[in-house]
Amino acid sequence: MATIEVKDIHFTYSTGVEALRGVSLRIEDGEFVAIMGQNGAGKTTLVKNFNGLLRPTKGEVLVDGVSTRDVSVAKLARTVGFVFQNPDHQLFSETVEEEIAFALHNFGFEEDTIKKRVTWAVNLLDLVEYRKTSPFMLSGGERKRVALASVLAWDPKVVILDEPTIGQDHRQKENLRQFIVQLNEQGKTVVVVTHDVEFVAECNPRVVLMREGKIMADGEAKRILPNTTLALEASIVPPQISQIFQGLSFLGLPSDVIDVSEAKKILVDRFKELQS
Amino acid sequence: MRDQAATHTLSVIEIRDLTYAYPSASKQSLRNVDLTVQKGEFAILTGPSGCGKTTLCRCFNGLIPHFYAGELKGSLKVAGLNVSEHSTGEMAKHVGLVFQNPENQLFALSVEKDVAFGLENLGMPRDQMQERVSWALKMTGIEDLRERAPHELSGGQQQRVAIASVLAMQPEIIVFDEPTSFLDPLGAQRIFEVISHLNKQLGITVILVEHRLDLAAKYASHVIVMDEGKVVLDGEPREIFNSEQAWLLGVGIPKAVHLWRLLEEAGVPLKGIPLSSEEAIQSLREVLWPR
């Protein structure tokens, strides 16, 4: 049984905008999926259908085998945690620890458990010194970490992150990448909506490419991202390493290299071959 | 040797020992900043979150000290003007500002009206205004969007409208504050091409605040890195991207440079530091093409 199963869904906003036009997708337990594609392709609309924030106009979404139509958003959130692009859409409490505890109270956790979970989450996301601080006193990057901590605190099976790298500097992005990879290695199902090709190239997740409300490609990042035709249609640009390998394809080098360490290894080997 | 007098007349930004703290802030946001930007340069301004980039940009067009109070010390000259002595309205004729999110900058019912807005405020005659709007739309490649409503456009198109509105004022300097954060990669690439075009064809001095350098590095003639309110690195892109300090600070160094460094360490002799995939392909081709 797939953790999330999307069966031919359509979604039309009340404004008449048809954001999804027949999408089917299975996400298995423990997968790491990046949803990419041009602005307005329907990426955020799709993931909002995973946890009942939106419900399909046509078709259905099953979470652990149960249709999102038959379950409340509150109950779905227990399984599928959603971290918004803009943390300010999510944060409202007076201190970081109250923020993190809020959902735990709503889910009816015991006081003791709540305390433990809050402590665990602030440690995990390096927020210990801000426990008693108002989220609104923090920087954008820190607020994003608070938003993530408050979702991880209730330990959902699936974590959805909408554009997590926007507004993060290079170092924060690198920390976030390692963190997400680690979460996934520990067994969480992770879904990331992102434009950041270089970010995706460094973790090689499964990539679902969207365009105009439909899925146009679905596969391993190293198979999808180097494809210039697909990239152009989805309004993305292949990662720089992949561009370099395509420019050197006449040397018979592999075409599916997207990350810098693999690139180095192949090029050094080729150089040594030529030397001998 | 550089001619000091000539250098002086060509610099459009001249900052000496500039220190600034926001009102009631316990820490200075800018600390002893020295910076010179020459006319026609394409400068990338980067550095970790909270390093003072945005604060420095607010100095370029006079938002600091005229709009934000606080304590400003040192010398701040932009477009030949002493910023403290000229109003933000006056500075706006010389320095344009394009923000991260174009939605915050656009408000009119049509693209044309948005682009004309600043000119109307200057009291420009109608004919001249029409001409100026057409020119700005042409330069940013959006002539066909003239009658459209900005809120119906894609993020990339909206950002071009925002650039056209700023360009219509014909400033000498345009400051872009992470102009592509919300755009898909192809949209971002197109925006960088528009910016480079304005820089090359019109000689507009560009200050680009950016974290994502993979797409932007190849256009730059100058890279400025800030950390904790100070300018810590200032020079040629290749020199900066290859400096130990830039790596330690965690600047978003382009993947092509990263690869070049790894190959260099492994004893593969490559010429020059590549700023783009094209340059990397060129130098790798020379080493790996079996003759």
# chains A, B, ... in the order shown; residues from 1 in each chain; ligands from 1
>>> residues_around(residues="A:Val63", least_positions_apart="6", cutoff="12 Å", atoms="only C-alpha atoms", output="number ranges by chain")
A: 1-7, 25-29, 49-52, 69-73, 75-80, 157-158
>>> write_last_selection(atoms="C-alpha atoms", output="tab-separated table (two decimals), in the first residue's frame")
chain	number	residue	atom	x	y	z
A	1	MET	CA	0.00	0.00	0.00
A	2	ALA	CA	1.39	3.37	-1.01
A	3	THR	CA	1.66	6.06	1.66
A	4	ILE	CA	0.14	8.54	-0.74
A	5	GLU	CA	-1.81	7.48	-3.77
A	6	VAL	CA	-3.15	10.11	-6.14
A	7	LYS	CA	-5.75	8.76	-8.55
A	25	LEU	CA	1.07	9.44	-8.57
A	26	ARG	CA	2.15	6.87	-5.98
A	27	ILE	CA	4.54	7.80	-3.19
A	28	GLU	CA	5.80	4.80	-1.22
A	29	ASP	CA	6.75	4.77	2.43
A	49	ASN	CA	-4.12	17.74	-1.84
A	50	PHE	CA	-1.88	15.28	0.01
A	51	ASN	CA	-3.03	16.42	3.45
A	52	GLY	CA	-6.54	17.62	2.80
A	69	ARG	CA	-12.54	12.96	1.63
A	70	ASP	CA	-13.32	10.64	4.54
A	71	VAL	CA	-10.86	12.13	7.06
A	72	SER	CA	-10.64	15.54	8.75
A	73	VAL	CA	-7.67	17.83	7.96
A	75	LYS	CA	-6.47	13.86	11.47
A	76	LEU	CA	-4.63	13.88	8.15
A	77	ALA	CA	-2.11	16.38	9.51
A	78	ARG	CA	-1.08	13.79	12.07
A	79	THR	CA	0.22	11.65	9.19
A	80	VAL	CA	1.16	14.32	6.65
A	157	LYS	CA	5.03	9.94	8.76
A	158	VAL	CA	5.28	12.26	5.75
>>> select_by_dssp(residues="stretch 26-212 of chain A", states="alpha helix (DSSP H)", output="PyMOL selection string")
chain A and resi 43-48+73-79+96-106+111-124+140-152+170-185+197-201
>>> closest_residue(among="A:Met216, A:Val200, A:Val207, A:Leu91", to="A:Gln240", atoms="only C-alpha atoms")
A:Val200
>>> atom_distance(atom1="atom CA of A:Gln85", atom2="atom CA of A:Val181")
18.8 Å
>>> interface_residues(of="chain B", to="chain A", cutoff="10 Å", atoms="only C-alpha atoms", output="number ranges by chain")
B: 46-50, 100, 154-156, 178, 180-189, 210-215, 248-256, 258-264, 266-269, 276-282, 284-285, 287-291
>>> residues_around(residues="B:Ser165", least_positions_apart="6", cutoff="8 Å", atoms="only C-alpha atoms", output="number ranges by chain")
B: 114-118, 136
>>> write_last_selection(atoms="C-alpha atoms", output="PDB file, in the first residue's frame")
ATOM      1  CA  ASP B 114       2.864  50.749 -13.887  1.00  0.00           C
ATOM      2  CA  VAL B 115       5.866  51.613 -16.028  1.00  0.00           C
ATOM      3  CA  ALA B 116       4.663  55.218 -16.454  1.00  0.00           C
ATOM      4  CA  PHE B 117       4.000  55.764 -12.754  1.00  0.00           C
ATOM      5  CA  GLY B 118       7.398  57.144 -11.745  1.00  0.00           C
ATOM      6  CA  ALA B 136      11.663  50.588 -21.338  1.00  0.00           C
TER       7      ALA B 136
END
>>> residues_around(residues="B:Phe176", least_positions_apart="3", cutoff="10 Å", atoms="only C-alpha atoms", output="PyMOL selection string")
chain B and resi 44-45+57+96-100+163+173+179-180+195+206-210
>>> atom_distance(atom1="atom CA of A:Leu53", atom2="atom CA of A:Pro87")
16.3 Å
>>> atom_distance(atom1="atom CA of B:Gly62", atom2="atom CA of B:Val225")
21.4 Å
>>> residues_around(residues="B:Ser87", least_positions_apart="2", cutoff="10 Å", atoms="only C-alpha atoms", output="list in words")
Asn61, Gly62, Leu63, Pro65, His66, Phe67, Val83, Ser84, Glu85, Gly89, Glu90, Met91 and Ala92 of chain B
>>> closest_residue(among="B:Gly40, B:Trp247, B:Glu112, B:Lys53", to="B:His197", atoms="only C-alpha atoms")
B:Gly40
>>> residues_around(residues="stretch 125-127 of chain A", least_positions_apart="2", cutoff="12 Å", atoms="only C-alpha atoms", output="ChimeraX atom specification")
/A:95-97,100,118-123,129-135,138,141-153,172,175-176,178-180,183
>>> write_last_selection(atoms="N, CA and C atoms", output="compact mmCIF listing (two decimals), in the first residue's frame")
# COMPACT_ATOMS: atom_id res chain seq x y z
N THR A 95 5.92 32.50 21.98
CA THR A 95 7.30 32.04 22.09
C THR A 95 7.48 30.82 21.20
N VAL A 96 8.74 30.55 20.91
CA VAL A 96 9.07 29.41 20.07
C VAL A 96 8.54 28.12 20.69
N GLU A 97 8.70 27.96 22.01
CA GLU A 97 8.25 26.68 22.58
C GLU A 97 6.73 26.55 22.59
N ILE A 100 5.77 25.42 19.11
CA ILE A 100 6.00 24.01 18.85
C ILE A 100 4.99 23.14 19.62
N VAL A 118 8.99 18.98 22.67
CA VAL A 118 9.45 20.35 22.41
C VAL A 118 10.96 20.42 22.58
N THR A 119 11.45 19.82 23.66
CA THR A 119 12.89 19.83 23.91
C THR A 119 13.64 19.13 22.77
N TRP A 120 13.08 18.00 22.35
CA TRP A 120 13.69 17.25 21.25
C TRP A 120 13.75 18.12 19.98
N ALA A 121 12.64 18.80 19.67
CA ALA A 121 12.56 19.57 18.42
C ALA A 121 13.47 20.79 18.43
N VAL A 122 13.54 21.52 19.57
CA VAL A 122 14.42 22.70 19.59
C VAL A 122 15.89 22.29 19.49
N ASN A 123 16.22 21.12 20.05
CA ASN A 123 17.58 20.63 19.91
C ASN A 123 17.89 20.25 18.47
N GLU A 129 18.44 28.21 22.22
CA GLU A 129 18.59 29.54 22.81
C GLU A 129 17.37 30.44 22.57
N TYR A 130 16.49 30.04 21.65
CA TYR A 130 15.33 30.87 21.34
C TYR A 130 14.03 30.35 21.95
N ARG A 131 14.11 29.34 22.80
CA ARG A 131 12.90 28.74 23.37
C ARG A 131 11.87 29.76 23.83
N LYS A 132 12.37 30.80 24.55
CA LYS A 132 11.45 31.78 25.14
C LYS A 132 11.30 33.04 24.28
N THR A 133 11.86 33.00 23.07
CA THR A 133 11.82 34.18 22.20
C THR A 133 10.58 34.14 21.32
N SER A 134 10.08 35.32 20.95
CA SER A 134 8.95 35.36 20.02
C SER A 134 9.45 35.00 18.61
N PRO A 135 8.73 34.14 17.91
CA PRO A 135 9.15 33.77 16.55
C PRO A 135 9.34 35.01 15.67
N LEU A 138 12.76 36.64 15.29
CA LEU A 138 13.83 35.87 14.65
C LEU A 138 13.98 36.25 13.18
N GLY A 141 15.35 32.92 8.16
CA GLY A 141 15.89 31.56 8.16
C GLY A 141 15.55 30.84 9.45
N GLU A 142 15.63 31.56 10.58
CA GLU A 142 15.30 30.96 11.87
C GLU A 142 13.81 30.64 11.98
N ARG A 143 12.98 31.56 11.45
CA ARG A 143 11.52 31.31 11.48
C ARG A 143 11.18 30.06 10.68
N LYS A 144 11.90 29.86 9.57
CA LYS A 144 11.67 28.64 8.79
C LYS A 144 12.00 27.41 9.62
N ARG A 145 13.05 27.50 10.43
CA ARG A 145 13.42 26.36 11.26
C ARG A 145 12.37 26.12 12.35
N VAL A 146 11.79 27.20 12.87
CA VAL A 146 10.73 27.04 13.88
C VAL A 146 9.53 26.32 13.24
N ALA A 147 9.17 26.76 12.03
CA ALA A 147 8.04 26.14 11.34
C ALA A 147 8.29 24.65 11.13
N LEU A 148 9.51 24.32 10.75
CA LEU A 148 9.86 22.92 10.53
C LEU A 148 9.85 22.14 11.85
N ALA A 149 10.39 22.76 12.90
CA ALA A 149 10.42 22.10 14.21
C ALA A 149 9.02 21.80 14.69
N SER A 150 8.08 22.75 14.48
CA SER A 150 6.74 22.54 15.02
C SER A 150 6.03 21.41 14.29
N VAL A 151 6.38 21.18 13.04
CA VAL A 151 5.79 20.05 12.31
C VAL A 151 6.45 18.74 12.72
N LEU A 152 7.79 18.75 12.79
CA LEU A 152 8.48 17.49 13.13
C LEU A 152 8.16 17.03 14.54
N ALA A 153 7.77 17.99 15.42
CA ALA A 153 7.52 17.65 16.82
C ALA A 153 6.43 16.58 16.97
N GLN A 172 22.99 27.97 5.10
CA GLN A 172 21.72 27.48 5.65
C GLN A 172 21.11 26.42 4.74
N ASN A 175 22.96 23.19 5.23
CA ASN A 175 22.52 22.55 6.48
C ASN A 175 21.15 21.90 6.30
N LEU A 176 20.26 22.63 5.64
CA LEU A 176 18.91 22.13 5.41
C LEU A 176 18.94 20.86 4.56
N GLN A 178 21.38 18.66 4.28
CA GLN A 178 21.85 17.53 5.08
C GLN A 178 20.77 17.04 6.03
N PHE A 179 20.03 17.98 6.59
CA PHE A 179 18.98 17.65 7.53
C PHE A 179 17.87 16.84 6.86
N ILE A 180 17.46 17.29 5.68
CA ILE A 180 16.39 16.60 4.95
C ILE A 180 16.83 15.19 4.55
N LEU A 183 16.69 13.03 7.63
CA LEU A 183 15.30 12.68 7.97
C LEU A 183 14.85 11.51 7.13
>>> residues_around(residues="A:Asn204", least_positions_apart="6", cutoff="7 Å", atoms="only C-alpha atoms", output="list in words")
Glu220, Ala221 and Lys222 of chain A
>>> closest_residue(among="A:Ile160, A:Glu31, A:Phe136, A:Val17", to="A:Asp88", atoms="only C-alpha atoms")
A:Phe136
